[in-house]
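Q: One file is attached below, start.txt, containing compact mmCIF, C-alpha atoms.
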```txt
# COMPACT_ATOMS: atom_id res chain seq x y z
CA MET A 21 44.76 29.75 -219.14
CA ILE A 22 42.96 29.72 -222.45
CA LYS A 23 44.79 26.54 -223.43
CA ARG A 24 43.55 24.73 -220.32
CA PHE A 25 40.05 25.96 -221.01
CA LEU A 26 40.10 24.69 -224.58
CA ILE A 27 41.47 21.33 -223.47
CA ALA A 28 38.68 21.06 -220.93
CA MET A 29 36.07 21.83 -223.60
CA LEU A 30 37.54 19.23 -225.93
CA VAL A 31 37.60 16.59 -223.21
CA MET A 32 33.98 17.34 -222.42
CA ALA A 33 33.07 17.18 -226.08
CA ALA A 34 34.82 13.85 -226.46
CA THR A 35 32.96 12.52 -223.44
CA GLY A 36 29.71 13.64 -225.00
CA PHE A 37 29.96 12.13 -228.43
CA GLY A 38 32.08 9.15 -227.64
CA VAL A 39 29.19 7.28 -226.13
CA GLU A 40 26.65 7.24 -228.92
CA ALA A 41 28.19 9.16 -231.74
CA GLN A 42 26.20 7.69 -234.60
CA ALA A 43 22.80 8.36 -233.11
CA ASP A 44 23.17 11.81 -231.59
CA VAL A 45 25.33 14.44 -233.16
CA PRO A 46 26.87 16.90 -230.71
CA VAL A 47 26.52 20.47 -231.82
CA ILE A 48 28.68 23.49 -231.20
CA SER A 49 26.65 26.67 -231.30
CA GLY A 50 27.07 30.08 -229.78
CA ALA A 51 28.20 33.44 -231.03
CA VAL A 52 31.14 35.62 -231.83
CA GLY A 53 30.88 39.31 -231.20
CA PHE A 54 32.66 42.60 -231.05
CA LEU A 55 31.40 44.97 -228.38
CA SER A 56 32.37 48.54 -227.71
CA THR A 57 31.55 50.65 -224.67
CA THR A 58 32.25 54.27 -223.84
CA ASN A 59 31.67 54.93 -220.15
CA GLY A 60 32.43 58.33 -218.72
CA GLY A 61 34.62 59.18 -221.73
CA THR A 62 36.76 56.04 -221.60
CA ASN A 63 36.54 53.48 -224.40
CA TYR A 64 36.46 49.72 -223.88
CA LEU A 65 36.60 47.15 -226.68
CA GLU A 66 35.59 43.53 -226.17
CA PRO A 67 36.03 40.85 -228.83
CA ILE A 68 34.24 37.78 -227.50
CA VAL A 69 33.57 34.18 -228.46
CA VAL A 70 30.89 32.21 -226.64
CA PRO A 71 30.86 28.54 -227.65
CA VAL A 72 28.05 26.28 -226.49
CA LEU A 73 28.35 22.51 -226.59
CA SER A 74 25.21 20.40 -226.67
CA ALA A 75 25.63 16.62 -226.75
CA PRO A 76 22.52 14.44 -226.38
CA VAL A 77 23.04 10.81 -225.45
CA GLY A 78 20.00 8.64 -226.00
CA ASP A 79 16.55 9.90 -225.14
CA HIS A 80 17.13 11.00 -221.58
CA LEU A 81 20.67 12.29 -221.23
CA LEU A 82 22.22 15.55 -222.31
CA PHE A 83 25.61 17.06 -221.71
CA GLU A 84 25.85 20.80 -222.23
CA ALA A 85 28.51 23.43 -221.60
CA ARG A 86 29.08 27.09 -222.36
CA GLY A 87 32.34 28.98 -222.18
CA GLU A 88 33.54 32.50 -222.83
CA LEU A 89 36.75 33.72 -224.39
CA LEU A 90 36.98 37.44 -223.95
CA GLY A 91 39.51 40.11 -224.79
CA PHE A 92 39.24 43.35 -222.87
CA TYR A 93 40.90 46.47 -224.26
CA SER A 94 40.66 49.54 -222.04
CA GLN A 95 41.75 52.95 -223.19
CA ASN A 96 44.61 54.44 -221.20
CA SER A 97 44.05 57.68 -219.35
CA GLY A 98 44.58 60.65 -221.64
CA GLY A 99 42.67 59.05 -224.50
CA GLY A 100 44.21 58.39 -227.86
CA LEU A 101 44.80 55.00 -229.37
CA SER A 102 46.74 53.57 -226.45
CA TYR A 103 44.96 50.57 -224.91
CA GLN A 104 45.68 48.08 -222.16
CA ARG A 105 44.94 44.48 -223.12
CA GLN A 106 43.63 41.69 -220.94
CA TYR A 107 42.28 38.27 -221.85
CA PHE A 108 39.80 36.21 -219.89
CA SER A 109 38.19 32.84 -220.17
CA ALA A 110 35.30 31.46 -218.19
CA LEU A 111 33.14 28.38 -217.97
CA ASP A 112 29.54 29.49 -217.54
CA TYR A 113 28.16 25.99 -217.18
CA ALA A 114 29.11 22.38 -217.74
CA GLN A 115 26.28 20.13 -216.71
CA VAL A 116 24.75 16.72 -217.18
CA ASP A 117 20.96 16.67 -217.52
CA TYR A 118 18.92 13.53 -216.96
CA ILE A 119 15.40 13.99 -218.27
CA VAL A 120 13.22 11.69 -216.19
CA ASN A 121 9.96 12.83 -217.78
CA SER A 122 8.19 16.03 -218.81
CA TRP A 123 7.87 17.12 -215.20
CA LEU A 124 11.31 16.34 -213.84
CA THR A 125 14.86 16.85 -215.02
CA ILE A 126 17.83 16.20 -212.74
CA VAL A 127 20.88 18.39 -213.33
CA ALA A 128 24.36 17.89 -211.93
CA GLY A 129 27.53 19.90 -212.40
CA ARG A 130 28.04 23.60 -212.93
CA PHE A 131 24.87 25.36 -213.99
CA LEU A 132 23.57 28.91 -214.30
CA THR A 133 21.97 29.97 -211.04
CA PRO A 134 18.20 30.11 -211.66
CA PHE A 135 17.31 33.38 -209.97
CA GLY A 136 14.88 35.52 -211.94
CA ILE A 137 14.96 35.25 -215.73
CA TYR A 138 17.99 37.23 -216.85
CA ASN A 139 20.80 34.99 -215.69
CA GLU A 140 19.43 31.78 -217.20
CA ARG A 141 17.66 33.01 -220.31
CA LEU A 142 19.03 36.38 -221.39
CA THR A 143 22.79 36.38 -220.76
CA PRO A 144 23.76 35.05 -224.23
CA ILE A 145 25.04 37.93 -226.35
CA TRP A 146 22.91 36.79 -229.30
CA ILE A 147 19.71 36.97 -227.25
CA HIS A 148 19.64 39.97 -224.93
CA ASN A 149 18.30 43.26 -226.27
CA MET A 150 20.66 45.51 -224.31
CA GLN A 151 24.39 44.96 -224.25
CA ASP A 152 24.84 45.86 -220.58
CA THR A 153 23.51 43.55 -217.91
CA PRO A 154 20.99 44.93 -215.42
CA LEU A 155 22.29 46.63 -212.28
CA ILE A 156 20.61 44.09 -210.00
CA LEU A 157 21.93 40.97 -211.75
CA PRO A 158 24.35 40.11 -208.87
CA ILE A 159 21.40 39.74 -206.47
CA GLY A 160 20.67 36.05 -206.11
CA THR A 161 23.47 34.97 -208.45
CA ARG A 162 26.53 35.35 -206.26
CA THR A 163 29.31 34.55 -206.33
CA SER A 164 29.85 33.90 -210.04
CA GLY A 165 26.42 33.65 -211.66
CA SER A 166 26.83 29.88 -211.66
CA SER A 167 26.25 27.17 -209.10
CA LEU A 168 28.10 23.94 -208.52
CA GLY A 169 25.97 21.05 -207.32
CA GLY A 170 22.58 19.62 -208.15
CA MET A 171 19.27 20.93 -209.39
CA VAL A 172 15.83 19.59 -210.18
CA ARG A 173 13.54 21.39 -212.60
CA GLY A 174 10.45 20.82 -214.64
CA ALA A 175 6.98 22.02 -215.53
CA PHE A 176 3.44 20.92 -214.74
CA THR A 177 0.30 21.64 -216.73
CA PRO A 178 -2.61 21.60 -214.26
CA SER A 179 -4.91 22.77 -217.04
CA SER A 180 -4.59 23.18 -220.79
CA ASP A 181 -3.81 26.88 -220.63
CA VAL A 182 -1.60 27.09 -217.55
CA GLU A 183 1.92 25.83 -216.94
CA ILE A 184 3.74 25.91 -213.64
CA ASN A 185 7.51 25.65 -213.86
CA TYR A 186 9.94 25.20 -211.01
CA THR A 187 13.59 24.80 -210.13
CA ALA A 188 15.25 23.90 -206.83
CA TYR A 189 18.99 23.61 -206.31
CA PHE A 190 21.87 23.36 -203.90
CA SER A 191 25.36 24.65 -204.63
CA ALA A 192 28.65 23.97 -202.89
CA SER A 193 31.33 26.58 -202.35
CA ASN A 194 34.26 26.56 -204.73
CA ASN A 195 37.00 29.12 -205.27
CA SER A 196 38.76 27.73 -208.34
CA GLN A 197 38.96 29.78 -211.50
CA TYR A 198 36.55 27.91 -213.74
CA TRP A 199 34.30 26.26 -211.17
CA GLY A 200 33.90 29.12 -208.70
CA ALA A 201 30.55 29.18 -206.93
CA GLY A 202 29.00 30.15 -203.63
CA ARG A 203 27.43 27.82 -201.08
CA THR A 204 23.76 28.51 -201.67
CA ALA A 205 20.34 26.91 -201.88
CA GLY A 206 17.28 28.24 -203.59
CA GLY A 207 14.66 27.91 -206.24
CA ARG A 208 12.23 29.57 -208.56
CA VAL A 209 8.56 29.11 -209.37
CA GLY A 210 6.82 30.55 -212.39
CA ILE A 211 3.29 30.52 -213.73
CA PHE A 212 3.15 30.66 -217.51
CA LEU A 213 0.04 31.30 -219.60
CA PRO A 214 0.98 30.11 -223.11
CA ASP A 215 -2.25 31.49 -224.53
CA ARG A 216 -1.11 34.99 -223.61
CA ARG A 217 2.64 34.39 -223.49
CA LEU A 218 2.63 35.83 -220.01
CA GLU A 219 4.81 34.52 -217.19
CA VAL A 220 5.09 35.71 -213.63
CA GLY A 221 7.32 34.12 -211.04
CA MET A 222 9.29 34.39 -207.87
CA SER A 223 12.81 33.37 -206.86
CA TYR A 224 14.46 32.69 -203.54
CA GLN A 225 18.06 32.09 -202.54
CA ARG A 226 19.71 31.46 -199.18
CA PHE A 227 23.40 32.40 -199.16
CA LEU A 228 25.05 29.88 -196.85
CA GLN A 229 28.66 30.96 -196.57
CA GLY A 230 30.10 33.76 -194.45
CA THR A 231 27.32 36.14 -193.49
CA ARG A 232 24.13 34.30 -194.34
CA PHE A 233 21.29 36.18 -195.94
CA ASN A 234 18.23 35.73 -198.12
CA SER A 235 17.62 37.07 -201.61
CA LEU A 236 14.13 37.38 -203.04
CA GLY A 237 13.12 38.10 -206.58
CA ALA A 238 10.08 38.47 -208.80
CA HIS A 239 9.84 38.51 -212.57
CA VAL A 240 7.36 39.05 -215.34
CA SER A 241 7.67 38.30 -219.04
CA TRP A 242 5.01 39.20 -221.61
CA GLN A 243 5.04 38.84 -225.39
CA PRO A 244 1.52 39.37 -226.70
CA TYR A 245 0.66 37.53 -229.90
CA SER A 246 -1.16 40.47 -231.37
CA ILE A 247 1.80 42.88 -231.58
CA PRO A 248 5.60 42.29 -231.77
CA LEU A 249 6.16 43.61 -228.28
CA ASP A 250 8.57 42.09 -225.77
CA VAL A 251 8.21 43.16 -222.15
CA LYS A 252 10.37 41.78 -219.38
CA ALA A 253 10.96 42.99 -215.84
CA GLU A 254 12.57 41.83 -212.64
CA PHE A 255 12.63 42.95 -209.04
CA ALA A 256 15.22 41.67 -206.56
CA HIS A 257 15.93 42.26 -202.90
CA SER A 258 18.87 41.24 -200.75
CA ALA A 259 20.64 42.43 -197.62
CA SER A 260 22.83 44.74 -199.73
CA GLY A 261 19.96 46.51 -201.43
CA TYR A 262 17.06 46.18 -203.79
CA GLY A 263 16.09 47.29 -207.24
CA TYR A 264 14.35 46.54 -210.49
CA TRP A 265 14.69 46.67 -214.23
CA ALA A 266 11.90 46.86 -216.79
CA GLU A 267 12.47 46.56 -220.51
CA ALA A 268 10.25 46.95 -223.54
CA ALA A 269 11.25 46.13 -227.11
CA TYR A 270 9.04 46.64 -230.14
CA ARG A 271 10.10 45.19 -233.47
CA LEU A 272 8.88 47.23 -236.43
CA SER A 273 7.99 44.11 -238.39
CA ARG A 274 4.59 45.52 -239.31
CA PHE A 275 6.23 48.00 -241.62
CA ARG A 276 6.56 45.97 -244.83
CA GLY A 277 7.27 42.74 -242.97
CA PRO A 278 10.07 41.43 -240.73
CA GLU A 279 12.49 41.04 -243.65
CA SER A 280 12.18 44.64 -244.83
CA ALA A 281 14.81 47.25 -244.05
CA ILE A 282 12.64 48.94 -241.43
CA GLY A 283 11.07 45.69 -240.24
CA ARG A 284 14.44 44.43 -239.04
CA LEU A 285 14.69 47.28 -236.56
CA GLN A 286 13.73 46.85 -232.92
CA PRO A 287 13.82 49.89 -230.64
CA VAL A 288 14.42 49.02 -226.99
CA PHE A 289 13.91 50.95 -223.79
CA ARG A 290 14.92 49.89 -220.29
CA MET A 291 14.47 51.53 -216.94
CA GLN A 292 16.36 50.38 -213.88
CA GLN A 293 17.06 51.41 -210.34
CA PHE A 294 19.07 50.15 -207.41
CA VAL A 295 18.79 51.26 -203.79
CA ARG A 296 21.76 50.51 -201.56
CA LEU A 297 20.78 49.37 -198.06
CA GLN A 298 24.19 48.66 -196.58
CA PRO A 299 27.77 49.06 -197.83
CA ASN A 300 29.45 45.96 -199.22
CA ASP A 301 32.53 46.09 -201.42
CA SER A 302 32.26 42.50 -202.60
CA ASP A 303 28.67 42.15 -203.81
CA SER A 304 29.30 43.53 -207.36
CA LEU A 305 26.33 45.88 -206.99
CA PRO A 306 26.52 49.68 -207.47
CA GLY A 307 28.16 51.34 -204.50
CA ALA A 308 25.46 53.99 -204.20
CA ASN A 309 21.83 54.55 -205.08
CA THR A 310 21.59 54.44 -208.86
CA GLN A 311 18.96 55.12 -211.49
CA GLN A 312 19.52 54.40 -215.15
CA ALA A 313 17.57 54.87 -218.36
CA ASP A 314 18.70 52.91 -221.44
CA PHE A 315 17.63 53.69 -224.99
CA GLY A 316 18.74 51.65 -227.94
CA PHE A 317 17.92 49.45 -230.87
CA ASP A 318 18.65 46.03 -232.30
CA TYR A 319 18.94 45.48 -236.02
CA PHE A 320 18.50 41.90 -237.21
CA LEU A 321 20.55 41.33 -240.35
CA PRO A 322 20.30 38.16 -242.46
CA HIS A 323 22.37 35.10 -241.53
CA GLN A 324 21.89 35.57 -237.80
CA VAL A 325 23.90 38.76 -237.53
CA LYS A 326 22.63 41.33 -235.07
CA ILE A 327 23.72 44.90 -234.48
CA ASN A 328 22.98 46.52 -231.16
CA ALA A 329 23.49 50.10 -230.07
CA ASN A 330 22.29 51.88 -226.99
CA TYR A 331 22.78 54.96 -224.90
CA SER A 332 22.39 54.97 -221.13
CA ARG A 333 22.14 57.87 -218.77
CA GLN A 334 23.09 56.89 -215.23
CA PHE A 335 22.13 59.00 -212.25
CA SER A 336 24.04 58.07 -209.13
CA SER A 337 24.93 59.75 -205.89
CA GLY A 338 28.45 58.60 -206.70
CA GLY A 339 28.41 60.62 -209.94
CA ASP A 340 26.31 60.71 -213.12
CA ALA A 341 27.59 59.14 -216.32
CA ASN A 342 26.81 58.65 -219.98
CA ILE A 343 27.29 55.14 -221.35
CA TRP A 344 27.40 54.35 -225.07
CA ASP A 345 27.37 50.79 -226.33
CA ILE A 346 27.60 49.41 -229.82
CA GLY A 347 28.17 45.83 -230.83
CA ILE A 348 27.75 43.24 -233.52
CA THR A 349 27.17 39.54 -232.96
CA TYR A 350 27.05 36.55 -235.25
CA ARG A 351 25.25 33.40 -234.19
CA PHE A 352 26.90 30.22 -235.38
CA MET A 353 26.06 26.55 -235.24
CA PHE A 354 27.74 23.45 -236.62
CA PRO A 355 27.91 19.73 -235.83
CA LEU A 356 30.98 18.37 -234.11
CA TRP A 357 30.80 14.94 -235.65
CA PRO A 358 31.93 14.70 -239.30
CA GLY A 359 29.09 14.05 -241.68
CA GLY A 360 26.57 14.94 -239.10
CA SER A 361 25.07 17.92 -240.85
CA LYS A 362 22.42 15.87 -242.61
CA MET B 4 13.48 61.24 -214.53
CA LYS B 5 9.80 62.06 -214.08
CA GLY B 6 9.61 62.86 -217.78
CA VAL B 7 11.12 59.49 -218.61
CA LEU B 8 8.63 57.72 -216.36
CA ALA B 9 5.78 59.65 -217.99
CA CYS B 10 7.00 58.51 -221.42
CA VAL B 11 7.19 54.89 -220.22
CA PHE B 12 3.69 55.10 -218.83
CA ALA B 13 2.38 56.61 -222.07
CA GLY B 14 4.10 53.85 -224.04
CA CYS B 15 2.56 51.15 -221.87
CA VAL B 16 -0.91 52.68 -222.27
CA TYR B 17 -0.42 52.82 -226.05
CA CYS B 18 0.69 49.19 -226.19
CA ALA B 19 -2.20 48.09 -223.98
CA VAL B 20 -4.68 49.89 -226.24
CA GLN B 21 -3.04 48.36 -229.32
CA THR B 22 -3.19 44.90 -227.78
CA ARG B 23 -6.83 45.30 -226.86
CA ALA B 24 -7.71 46.59 -230.31
CA GLN B 25 -5.90 43.71 -231.98
CA SER B 26 -7.58 41.22 -229.67
CA VAL B 27 -11.04 42.55 -230.51
CA GLN B 28 -10.20 42.54 -234.20
CA ALA B 29 -8.88 38.99 -234.03
CA GLN B 30 -12.04 37.75 -232.35
CA ALA B 31 -14.27 39.20 -235.05
CA PRO B 32 -16.22 36.58 -237.02
CA GLY B 33 -14.19 35.26 -239.90
CA ALA B 34 -10.94 36.63 -238.59
CA GLN B 35 -8.03 34.27 -238.02
CA SER B 36 -7.61 34.20 -234.28
CA LYS B 37 -4.08 34.67 -232.98
CA SER B 38 -5.34 34.80 -229.43
CA SER B 39 -7.64 31.83 -229.52
CA SER B 40 -7.43 29.53 -226.56
CA TRP B 41 -4.31 27.47 -226.10
CA ALA B 42 -6.44 24.38 -225.79
CA SER B 43 -8.13 24.83 -229.14
CA ARG B 44 -4.83 25.50 -230.86
CA SER B 45 -3.25 22.49 -229.23
CA ALA B 46 -6.10 20.23 -230.17
CA SER B 47 -5.16 20.13 -233.82
CA SER B 48 -2.14 18.18 -235.00
CA SER B 49 -1.61 20.32 -238.07
CA PRO B 50 1.96 20.95 -239.27
CA SER B 51 1.81 24.42 -237.76
CA GLU B 52 1.47 22.99 -234.27
CA GLY B 53 5.22 22.98 -233.88
CA GLU B 54 5.35 26.62 -234.89
CA ILE B 55 2.70 27.43 -232.28
CA ARG B 56 4.72 25.66 -229.61
CA PHE B 57 7.89 27.37 -230.78
CA GLU B 58 6.28 30.79 -230.61
CA ALA B 59 4.79 30.11 -227.21
CA HIS B 60 8.02 28.90 -225.61
CA CYS B 61 11.18 29.60 -227.60
CA GLY B 62 9.92 32.71 -229.39
CA ARG B 63 9.67 34.57 -226.12
CA CYS B 64 13.45 35.00 -226.13
CA HIS B 65 14.77 34.50 -229.66
CA LEU B 66 13.97 33.99 -233.33
CA PRO B 67 13.96 30.57 -235.02
CA PRO B 68 17.45 29.41 -236.03
CA GLU B 69 18.23 29.36 -239.73
CA ASP B 70 19.16 26.28 -241.76
CA LEU B 71 19.07 23.62 -239.09
CA SER B 72 19.49 20.04 -240.23
CA PRO B 73 17.42 17.41 -238.38
CA ARG B 74 20.47 15.91 -236.64
CA GLU B 75 21.73 19.30 -235.50
CA ALA B 76 18.26 20.26 -234.41
CA LYS B 77 17.95 17.28 -232.10
CA ALA B 78 20.84 18.45 -229.94
CA VAL B 79 19.68 22.06 -229.92
CA ILE B 80 16.05 21.28 -229.09
CA ARG B 81 17.12 18.81 -226.41
CA GLN B 82 19.07 21.59 -224.77
CA MET B 83 16.09 23.91 -225.03
CA ARG B 84 13.89 21.23 -223.52
CA VAL B 85 15.92 21.47 -220.34
CA ARG B 86 16.39 25.26 -220.46
CA ALA B 87 12.77 26.16 -221.30
CA MET B 88 11.29 23.15 -219.47
CA LEU B 89 9.49 21.81 -222.50
CA SER B 90 7.44 18.63 -222.46
CA ALA B 91 8.31 15.61 -224.58
CA GLU B 92 5.48 16.55 -226.94
CA ASP B 93 6.78 20.12 -227.22
CA GLU B 94 10.22 18.77 -228.09
CA ARG B 95 8.86 16.49 -230.79
CA LEU B 96 6.64 19.13 -232.39
CA ILE B 97 9.22 21.91 -232.28
CA LEU B 98 11.82 19.56 -233.71
CA ARG B 99 9.53 18.88 -236.64
CA TYR B 100 8.97 22.62 -237.11
CA VAL B 101 12.58 23.82 -237.06
CA ALA B 102 13.95 20.91 -239.08
CA PRO B 103 11.14 19.36 -241.14
```
Can you present the structure in this file as structure tokens?

A:
Amino acid sequence: MIKRFLIAMLVMAATGFGVEAQADVPVISGAVGFLSTTNGGTNYLEPIVVPVLSAPVGDHLLFEARGELLGFYSQNSGGGLSYQRQYFSALDYAQVDYIVNSWLTIVAGRFLTPFGIYNERLTPIWIHNMQDTPLILPIGTRTSGSSLGGMVRGAFTPSSDVEINYTAYFSASNNSQYWGAGRTAGGRVGIFLPDRRLEVGMSYQRFLQGTRFNSLGAHVSWQPYSIPLDVKAEFAHSASGYGYWAEAAYRLSRFRGPESAIGRLQPVFRMQQFVRLQPNDSDSLPGANTQQADFGFDYFLPHQVKINANYSRQFSSGGDANIWDIGITYRFMFPLWPGGSK
Amino acid sequence: MKGVLACVFAGCVYCAVQTRAQSVQAQAPGAQSKSSSWASRSASSSPSEGEIRFEAHCGRCHLPPEDLSPREAKAVIRQMRVRAMLSAEDERLILRYVAP
């Protein structure tokens, strides 16, 4: 399984830099991490590698792909040091982007489904502030978080201090291991005020296979210039249920600067809730009404190493739980083509 | 849960007050404005323009990458142009900022 995945990545890489190797150096970036979770008294360990390939060809073309190689160690019942081991690999996206101009980019292949902001922007382990994904992430991103088809996207600037960004896509159904996707159509529109670093937007998806239904979402993202605060929130609604998450992170960089011992610390708080409207065993959402409060911190070490730890208290009609997460990630980046580092 | 919500609300109020206070302070005569209009900041072509664009777009999600060579940076910024829907000018200026 992993061998086939690696071969596929290498073939894609070769396709990328074989065309115009001297002019555009393909880059492998991504992260390696070790994540640990204790949920309801059971420990889970996850070593993970997330390689990202980026291969520009000329001024208008880009090939990009992201994969995941994940080990999953779950503690056997009864505790102790006995663990069950499983290994997974996945292809998050493998897409060709043709940049027509500043307002239009045409995307073909497997791409992250653009519903809300989390799935496209915050899923990388070296970016998100909380290790666990939000409860409502499956809304609008079924069946795999990725789509297989075509997408157009871009941004307009109707005035100097306003940007309007958009995406529209269609995805075909596919049940294979690496290319799995649902038959869907949808899009997202956002209004971004760069002067305030404030974005609000809405998302829509029509699920077109089996029982058809609509998913609606709204998001807000705010990072004021005046203080190192990061606020993000999403609301999503589908036939299965609705919910929200809201997260605030405040980096203590004002205490002796961002490179100081205390300035590298970023406390994070997230509040989330999901309300189940109808039972559905296959939608990957919580089976019952759930509320969750997450407290944690990120610590930004030199050389792109980040430590994350958080505690979550989950209140659910299916049973309350304590969740402890701790992880360390290292962000890497290197050129694929020899001699291409300069 | 109500206590948690009360704490969140109090935190939001505190941050809003902080933001407002900083904004007023920044607009004081002689102060270097961090919240000056986007248009006025974009009008200059100073070397820091790329940093401004980076902070406005890329800095919303992550910190600047360390030790990027110009040829590596081209691939990375091209990818971010698609992901963050940057303009051609944004791409050029941010490229100059992250890999001068």

Q: Select all residues from chain A having any atom no more than 7 Å from an atom of chain B (counting all atoms listed in the file, ignoring ligands), output as a list in words.

A: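 Listed by rising number, the hits are Val45, Pro46, Val47, Ser74, Ala75, Pro76, Ser122, Ile147, Gly174, Ala175, Ser180, Asp181, Pro214, Asp215, Arg217, Gln243, Tyr245, Ser246, Ile247, Pro355, Gly360, Ser361 and Lys362 of chain A.
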
Q: Do you have the CA of Phe54 (chain A)-CA of Thr153 (chain A) distance handy?

A: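 Taking CA of Phe54 (chain A) and CA of Thr153 (chain A), their separation equals 16.0 Å.
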
Q: Extract, using only C-alpha atoms, all DNA, RNA and protein residues at most 10 Å from Tyr270 (chain A), discarding same-chain residues fewer than 2 positions from it, and format them as a ChimeraX atom specification.

A: /A:243,247-251,268,272-273,285-289,317-318 /B:18

Q: Place a sphere of radius 8 Å on (25.2, 14.2, -216.6) in the file coordinates and name every protein, DNA or RNA residue with an atom inside or on its surface, counting only C-alpha atoms; give the answer as a list of chain:residue names.

A: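 Those within range, by chain then number, are A:Leu81, A:Leu82, A:Phe83, A:Gln115, A:Val116, A:Asp117, A:Tyr118, A:Val127, A:Ala128, A:Gly129.
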
Q: Please work out which residues fall within 10 Å of (25.1, 32.5, -227.6), coordinates as given in the file, with only C-alpha atoms counting, and return them as a list in words.

A: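 So the residues meeting the distance criterion are Ser49, Gly50, Ala51, Val52, Gly53, Val69, Val70, Pro71, Val72, Arg86, Gly87, Glu88, Leu142, Thr143, Pro144, Ile145, Trp146, Ile147, His148, Thr349, Tyr350, Arg351, Phe352 and Met353 of chain A.
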
Q: List the neighbours of Met291 (chain A) out to 7 Å using all atoms listed in the file; skip same-chain residues closer than 2 positions along the sequence, and give me the result as a ChimeraX atom specification.

A: /A:265-267,289,312-314

Q: Do you know which residues are at most 8 Å from Gly53 (chain B) counting all atoms listed in the file, after dropping those on the same chain fewer than 6 positions away, and could you put them as a ChimeraX atom specification?

A: /B:93,96-100

Q: CA of Thr133 (chain A) and CA of Ser167 (chain A) are how many Å apart?

A: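 CA of Ser167 (chain A) lies 5.5 Å from CA of Thr133 (chain A).
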
Q: Separation of CA of Asn194 (chain A) and CA of Leu236 (chain A), in Å?

A: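 Between CA of Asn194 (chain A) and CA of Leu236 (chain A) the gap works out to 22.9 Å.
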